[in-house]
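The structure appears below as C-alpha cells.
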Amino acid sequence: MKKRIFQGAGIAILTPMHSDGTINWEAFGRLIDWQLENSTDALIVCGTTGESPTLSTEEKVSLFRFAVERVNGRVPVIAGTGSNDTKKAVELSKEAKQAGADGLLLVTPYYNKTSQRGLAAHYNAIADAVDLPQIVYHIPSRTGVTIAPKTFRELSKHPNIVAVKEASGNFAAIAQTRYLCGDDLDFYSGEDGQIVPLLSLGGIGVISVLSHVAPKAVHDICSLFFEGKVQESAALQLAYMDLIQALFLDVNPIPVKEAVNLMGFEAGPCRMPLCPMSGEDRAVLVAALKNHGIIS
C-alpha cells in the first residue's frame, strides 16, 4: 500500500482577505489554529475554496509556507498546485515541496482540456518531477474534464499518485474505479453531502468546505463510520444537510466566506469576479448557521 496522506476530515481552507483584497495573515493563522483545536485532520491550502484562480504564484507559495509553519507538524498540509499548464503545475509543485508541504492537490486541466492520454501524461509528468504524494482532483462540473476509470487505473500505477478527491457525483464510475485500482488509490469525498456514500465504497475521508463552520462534526462523520457506527455517521451527515446546502447557494467560496465572517473570523470579501451573496440567500445561510448553534 502507498503512503497515505491523511484519513478523516481535511479542510479546503479559504484565504482570508482585507477589504482591499490583500491576504489577511492574522485571520488565516487564527482560522488554522481553530481548525486544529476542533479535530480537523488535514489542511488543504490554495484549492478552489482558497480562491486559487485569483492568487498569484508568489501569494500561493507564501500561503504554503505560512500554513506549514503555523501547523508545525500537527497535521498534514496539502498544497493546491494544479494548473491547465503542465509546466506551471510542475514549477508550483516544486515550490510547494520546498515550502514543506506534505502532499499536493492537482485539479484536472481545465478550458484547454485534454484527452485521456493527455491526462495520463499530465499527471505522470508532475509525479515524475516532484517526489511528494499527490491527490488528483476530479471535478468535472468546474473543469469540463472527466477522468475515465481506466485512466485512473493507469495513474494509480505511479508511486506518487496516491489518491483522488472525487467530486463527480458519478457513483457508478467511482465504484468501477475502486474496483480497478484496489489499494493503489485512496478516495476522498469532494462533496460534503456525499461523505458517507463515498466512505461506503471504501473512501478514507473528505476534503471539506463544511469543516469551516462545523469541523468537529465533519471529523465525527468520518470517525463514526470508521468505528463501524454507520447509522450514527449517516444520521450526523443528514442532520447537517440544511447547512451543506446553504453553503452552496452561491458559487463556492462566496457563502462559506460569508459564514466565516458571521462567526467573527474576518474572512473578508472574495476577489472579483466573485461578488457578495444576495440578501435572500444570505438569510437562508444565517438561518442554517443559527439552527446549528454556530451563530446566535
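Chain labels follow the order of the C-alpha cells: the first chain is A, the next B, and so on; residue numbering restarts at 1 in every chain, and ligands are counted from 1 in their shown order.
By chain and then residue number, the residues within 9 Å of segment 253-264 of chain A are Leu14, Thr15, Pro16, Thr48, Thr49, Gly50, Glu51, Val209, Leu210, His212, Val213, Ala246, Leu247, Phe248, Pro269, Cys270, Leu274, Cys275, Pro276, Met277, Asp281, Arg282, Leu285, Val286, Leu289, Ile294 and Ile295 of chain A, counting only C-alpha atoms and disregarding those fewer than 5 positions away in sequence.
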*Long-range neighbours of Asp192 of chain A as an MDAnalysis selection string, 10 Å cut-off, only C-alpha atoms, 3 positions minimum in chain*: chainID A and resid 167 189 195:196 206:211 218 237 240:241 244:245 247
Tell me, counting only C-alpha atoms, for each residue of segment 251-294 of chain A within 7 Å of segment 24-43 of chain A, which pair of atoms is nearest and how far apart they are in Å to one decimal, in rows ordered by chain and increasing number, as JSON lines.
{"residue": "A:Phe265", "atom": "CA", "partner": "A:Ala27", "partner_atom": "CA", "distance": 6.3}
{"residue": "A:Glu266", "atom": "CA", "partner": "A:Ala27", "partner_atom": "CA", "distance": 6.1}
{"residue": "A:Ala267", "atom": "CA", "partner": "A:Ala27", "partner_atom": "CA", "distance": 6.8}
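Once Ala67 of chain A and its same-chain neighbours fewer than 3 positions away are set aside, Gly29, Ile32, Val45, Leu63, Phe64, Arg70, Val71 and Val77 of chain A remain within 8 Å of it when counting only C-alpha atoms.
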For the selection just defined, write its residues with all heavy atoms to a file, as a short mmCIF file (atom, residue, chain, number, x, y, z; two decimals), in the first residue's frame.
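Generated file (result.cif):
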data_model
loop_
_atom_site.label_atom_id
_atom_site.label_comp_id
_atom_site.auth_asym_id
_atom_site.auth_seq_id
_atom_site.Cartn_x
_atom_site.Cartn_y
_atom_site.Cartn_z
N GLY A 29 -4.04 32.71 10.25
CA GLY A 29 -3.44 31.99 11.37
C GLY A 29 -4.47 31.60 12.42
O GLY A 29 -4.45 30.47 12.93
N ILE A 32 -6.58 28.70 11.08
CA ILE A 32 -5.84 27.44 11.14
C ILE A 32 -5.84 26.89 12.57
O ILE A 32 -6.12 25.70 12.81
CB ILE A 32 -4.39 27.64 10.64
CG1 ILE A 32 -4.37 27.88 9.13
CG2 ILE A 32 -3.52 26.42 10.99
CD1 ILE A 32 -3.02 28.29 8.58
N VAL A 45 -4.46 23.83 1.24
CA VAL A 45 -4.25 25.26 1.03
C VAL A 45 -4.23 25.58 -0.47
O VAL A 45 -3.62 24.85 -1.26
CB VAL A 45 -2.91 25.70 1.67
CG1 VAL A 45 -2.69 27.19 1.50
CG2 VAL A 45 -2.88 25.30 3.14
N LEU A 63 1.43 31.39 1.09
CA LEU A 63 0.39 30.69 1.85
C LEU A 63 0.85 29.30 2.25
O LEU A 63 0.60 28.84 3.37
CB LEU A 63 -0.90 30.62 1.03
CG LEU A 63 -1.69 31.94 0.95
CD1 LEU A 63 -2.64 31.93 -0.24
CD2 LEU A 63 -2.47 32.19 2.24
N PHE A 64 1.53 28.60 1.34
CA PHE A 64 2.07 27.28 1.67
C PHE A 64 3.03 27.38 2.86
O PHE A 64 2.92 26.63 3.84
CB PHE A 64 2.82 26.66 0.49
CG PHE A 64 2.00 26.45 -0.76
CD1 PHE A 64 2.63 26.42 -2.01
CD2 PHE A 64 0.63 26.27 -0.71
CE1 PHE A 64 1.90 26.22 -3.17
CE2 PHE A 64 -0.12 26.08 -1.86
CZ PHE A 64 0.53 26.06 -3.10
N ARG A 70 2.73 27.46 10.62
CA ARG A 70 1.70 27.59 11.65
C ARG A 70 1.25 26.22 12.15
O ARG A 70 1.07 26.01 13.36
CB ARG A 70 0.49 28.33 11.08
CG ARG A 70 -0.53 28.76 12.13
CD ARG A 70 -0.04 29.96 12.89
NE ARG A 70 -1.05 30.51 13.76
CZ ARG A 70 -1.15 31.81 14.07
NH1 ARG A 70 -0.28 32.67 13.58
NH2 ARG A 70 -2.09 32.24 14.87
N VAL A 71 1.11 25.27 11.26
CA VAL A 71 0.69 23.92 11.63
C VAL A 71 1.78 23.21 12.42
O VAL A 71 1.50 22.47 13.37
CB VAL A 71 0.29 23.12 10.38
CG1 VAL A 71 0.11 21.65 10.70
CG2 VAL A 71 -0.99 23.68 9.77
N VAL A 77 -0.14 19.21 5.67
CA VAL A 77 -0.50 20.38 4.87
C VAL A 77 -0.37 19.98 3.40
O VAL A 77 0.70 19.56 2.95
CB VAL A 77 0.40 21.58 5.17
CG1 VAL A 77 0.09 22.74 4.22
CG2 VAL A 77 0.22 22.03 6.62
#
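Here the question is which of A:Ala96, A:Lys87, A:Gly80, A:Arg4 gets nearest to Asp183 of chain A using only C-alpha atoms, and that residue is A:Arg4.
Here atom CA of Tyr188 of chain A is placed at a distance of 4.8 Å from atom CA of Gly205 of chain A.
Between Glu154 of chain A and the candidates A:Val251, A:Ala99, A:Ile126, A:Cys181, the tightest atom-to-atom separation, counting only C-alpha atoms, involves A:Cys181.
Closest approach to Gly10 of chain A among A:Ala148, A:Leu201, A:Ala121, A:Lys216: A:Lys216, based on only C-alpha atoms.
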_Please return, as a PyMOL selection string, all residues of segment 53-128 of chain A that DSSP assigns to helix (DSSP H, G or I) on the basis of the backbone._
chain A and resi 53-54+57-71+86-99+116-128
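Checking A:Val75, A:Val68, A:Leu185, A:Ala129 one by one against Lys88 of chain A, counting only C-alpha atoms, you find the shortest gap at A:Ala129.
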*Kindly give the distance, in Å, that separates atom CA of Ser115 of chain A and atom CA of Ile161 of chain A, rounded to a single decimal.*
18.7 Å
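Closest approach to Ser62 of chain A among A:Ile78, A:Ile23, A:Ala235, A:Ala163 is made by A:Ile23 (distances from only C-alpha atoms).
Nearest residue to Asp85 of chain A, choosing from A:Ala125, A:Val145, A:Ala101, A:Val284 and counting only C-alpha atoms: A:Ala125.
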